[in-house]
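S.K.: Mind looking over this structure? Questions follow.
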Amino acid sequence: MFRSALFSLITLALLVGGFMLYWHFQPALVSPAPSPRTAVPTTGISNQTQMKIGPGERAWANSYDDQGKLVSQFKAAEYSPQKDGSFKVVSPISKLYLGDEQYLTITADTGTVYASSGQSEQMQSPNNGFLQNVRISLYPNATAAKPILWLDMNNAWFDNDTLRLYTQSYQDANGITVAADQVPVTIRGDDYEFDGKGLTLRWDDRNRRLQLLEIAHGQRLEIKNPSKLSPGIAMPASASIAYPDALVDAAPDAAHLLSPTSNPIQPPYRAVFHDAIRIDQGDKSMAKADEMTVDFILNQAKPAGTTRPTTAPTMTPATTGAKPAATAPSPVPITIYWTGKLRITPLDAPPILPLSPNQAVVRLVGKPVELTPENAQVRAASAVYRTGDGMARLDHSPDTPTIEFKQSNGMNFTADSLAYDPSTSLATIWGNSTLHMPLENHEQLTATWTDKGILHIVGKPQQSIDHLDLLGHVAVDHPQLTLRADELGLDLVPLSARHQGDRSSVTLKQLTATGSVACRMLKTEQGKSGIDADHLIVQTTIGADSKPIPHQLFADGHVRAFEPDQQLKADHLEATMIPQEDHQRCIGCDGSAIA
C-alpha cells in the first residue's frame, strides 16, 4: 500500500519537475521559414545569430544535445511581442524528452513569456512567464496514443532565475478571487488520481535535483490498483544542449545541469503529509493519524538502451479541457486523504530506518495513530513501516502512554513499544506489558511482565505466535494454574475450531520458568497445591473434556512441592499429574523429602 503511494509521490514530483526543466532549457521563440514545406532540422545548427521577432503564427523551436539528438520542442499557434519585452502566446505546446523513451507535453490556452534582451526586441531564452489553463501530460513512449498521467491547473508561473514554478491567484468566472494557495491542482491517470490546492516547486540547479515540491492544501491521493506499481519517470540525462543558430546570442549555459555522471548517488527524499491523515481501502478504514512521513530514494539513473528521437515528430496542440479516458479502476483502490500541506524535500539527515532504492519508510504520528490491518486494531503514538520487507515499530508518548494491539480472534496486548523484524520473524515488546491470549473453549491466558517480551510469529497470511519469552516480574494466569517468575518461556500450539462458529485459538504446550518460581495448581477438589523452585518446566496434555491440563513437571533448585496434607522438598523433582485421581504422583526424586 505505502509503496504504491510512494511511487505516486515520485511521479507527482517529477511530472512537475520536468516542467521546470523544460522552461530552464527552452530556446527562444523563432519564426518558421517562409515556405510551409521547409523541413524541420534533425541536427543542431552550430552558429547562433541575433534576430528581431515580430508578431506571427506557428512559432516553433527545437533544442538538441551535443550529439545532435532532439531534447525539447516548442510550438505556439500565435505569438506577439509586447512593449515590456514580453511575448504573448496562444495555444503553446512543448515537449520534453525524458529517459526510457518517455516524454512530457505542456499545453496551455494562453500565456505571457518574459525574456532578457540586449535590445528592445531581441529575445533570449525565456527566464520567466505565466501560463493559463495548463496541462502537463506524461507519455510512456513515442507511439503512445494517450498519456498515462496528466496534471491540470488553472495557471503556472515559472521563474528561471530562482528555478521556481508556482500557482498564482486569479479571478474565476464569477469574479471571485482565488488565492494562490487555493488554486486546484489535479492529477489523473491510468493508475492514480490526485487532488490538492496550491503548488510550489523549486529546482536545485547546483545538485541537479528537486529541492522542494509543496502542495499547500491536500485532499486525496488514490491508488487505483495497489498491486501495480508505476515505474516513475526517468529524468533527462543528455550531455549538453546546443541551441540552433536561430536563437539569439548569450543563451543560458545549462550544459552542467544535464551533463552525464557516473551513477550519481542521490540522497533520500522525505514527503510529509500534514493534518487529518486517513488511509482507506475501498470502504474500509486502514489508518488514521495527524501526520505521515515517507522517506524514499529517488533513482534517477537512465535505463540502458534509452533513446531519444533525432527527428522532430509532428506536434499537434491538445485541447486542454479534454481528458483521456482512464482504464477501469481496481475493485479495491487505496486512498490517502489529508487537509494540510504536502512537502517533498531532500533528506540531509539519515532516514527513519535504513533503506534501499526499492524501499520506503513510512511513519505515522497521532494522538493516537489508529491502524486497522486485517482482523486487527492498533493504537499507538507512532507507527513506522518499511516497504519491501515489512519491518515495523510501534511507540508510545506522554499523550499516548501505551500501545494497544487487538486481534479479532481475541488476542490483545498493551506495552510501551513493539518492533517486528521480518528477517527473524521476531516481535520484541518493551516496558510494562499485558498479554491476553484466547485458549480452547473460550478460556484465556493472561501474562504480565515489566522488562521485555520476545514473540516468535509463524504462518502466512494468518499469523500466530508459537513461542514467547517474557522477562521481568512475570505473572501468568491460566485456567489450570498461576505462575510467578523472573523469566518465562511459553511454547504454544494452534488449535483449529472443532465446529463452525468456534474461533481458531492456541493452547499451551509447555512453559519454562526461571528465577523465584512459584506455581499454583487450580481447580483441585483437595484444595490448593503447587510447587516452588529456581527452574521449572510444565508440560500439558489434552484432558477428557478436550481442555489442556498440566501433565508433567520438571523442577530444579530449592524445590518445594505441596498439597493440603503433604509437602516435599528436593534439589530435583519430576512429577506426573493424574487428573482422574486429582492428585500428584511422585515419579522420581533426588534429595530429602519431608511429609
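Residue numbering restarts at 1 in every chain; chains get A, B, ... in the order shown in the C-alpha cells, and ligands count up from 1 in that same order.
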As a PyMOL selection string, which residues of stretch 345-490 of chain A does DSSP assign to strand (DSSP E or B)?

M.R.: chain A and resi 345-346+360-371+376-386+392-395+403-407+412-415+417-421+426-430+433-438+444-449+452-458+464-478+481-490

S.K.: Considering only C-alpha atoms, return as a list of chain:residue names whatever protein or nucleic-acid residues lie within 8 Å of A:Leu138, sequence-local ones (same chain, fewer than 5 positions apart) excluded.

M.R.: A:Leu15, A:Gln102, A:Tyr103, A:Leu104, A:Thr105, A:Pro147, A:Ile148, A:Leu149, A:Trp150

S.K.: Can you spit out the residues from that selection as a PDB file, in the first residue's frame, using N, CA, C and O atoms?

M.R.:
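See again30.pdb below for the written result:
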ATOM      1  N   LEU A  15       6.793  14.868 -12.537  1.00  0.00           N
ATOM      2  CA  LEU A  15       5.911  15.408 -13.565  1.00  0.00           C
ATOM      3  C   LEU A  15       5.999  16.925 -13.586  1.00  0.00           C
ATOM      4  O   LEU A  15       6.188  17.549 -14.629  1.00  0.00           O
ATOM      5  N   GLN A 102      10.252   8.011 -22.705  1.00  0.00           N
ATOM      6  CA  GLN A 102       9.126   8.776 -22.201  1.00  0.00           C
ATOM      7  C   GLN A 102       9.289  10.252 -22.566  1.00  0.00           C
ATOM      8  O   GLN A 102      10.398  10.734 -22.786  1.00  0.00           O
ATOM      9  N   TYR A 103       8.166  10.966 -22.626  1.00  0.00           N
ATOM     10  CA  TYR A 103       8.246  12.413 -22.849  1.00  0.00           C
ATOM     11  C   TYR A 103       7.055  13.097 -22.194  1.00  0.00           C
ATOM     12  O   TYR A 103       6.008  12.493 -21.950  1.00  0.00           O
ATOM     13  N   LEU A 104       7.260  14.371 -21.873  1.00  0.00           N
ATOM     14  CA  LEU A 104       6.223  15.226 -21.306  1.00  0.00           C
ATOM     15  C   LEU A 104       5.729  16.198 -22.360  1.00  0.00           C
ATOM     16  O   LEU A 104       6.512  16.693 -23.181  1.00  0.00           O
ATOM     17  N   THR A 105       4.434  16.517 -22.336  1.00  0.00           N
ATOM     18  CA  THR A 105       3.914  17.638 -23.108  1.00  0.00           C
ATOM     19  C   THR A 105       3.327  18.648 -22.137  1.00  0.00           C
ATOM     20  O   THR A 105       2.708  18.274 -21.133  1.00  0.00           O
ATOM     21  N   PRO A 147      -1.745   9.728 -22.919  1.00  0.00           N
ATOM     22  CA  PRO A 147      -0.823   9.764 -21.776  1.00  0.00           C
ATOM     23  C   PRO A 147      -1.251   8.780 -20.698  1.00  0.00           C
ATOM     24  O   PRO A 147      -2.413   8.368 -20.625  1.00  0.00           O
ATOM     25  N   ILE A 148      -0.302   8.408 -19.863  1.00  0.00           N
ATOM     26  CA  ILE A 148      -0.613   7.547 -18.723  1.00  0.00           C
ATOM     27  C   ILE A 148      -0.873   8.372 -17.467  1.00  0.00           C
ATOM     28  O   ILE A 148      -1.402   7.858 -16.477  1.00  0.00           O
ATOM     29  N   LEU A 149      -0.523   9.663 -17.494  1.00  0.00           N
ATOM     30  CA  LEU A 149      -0.698  10.541 -16.347  1.00  0.00           C
ATOM     31  C   LEU A 149      -0.756  11.967 -16.852  1.00  0.00           C
ATOM     32  O   LEU A 149      -0.004  12.340 -17.753  1.00  0.00           O
ATOM     33  N   TRP A 150      -1.651  12.788 -16.285  1.00  0.00           N
ATOM     34  CA  TRP A 150      -1.711  14.178 -16.706  1.00  0.00           C
ATOM     35  C   TRP A 150      -2.108  15.059 -15.524  1.00  0.00           C
ATOM     36  O   TRP A 150      -2.850  14.651 -14.634  1.00  0.00           O
TER      37      TRP A 150
END
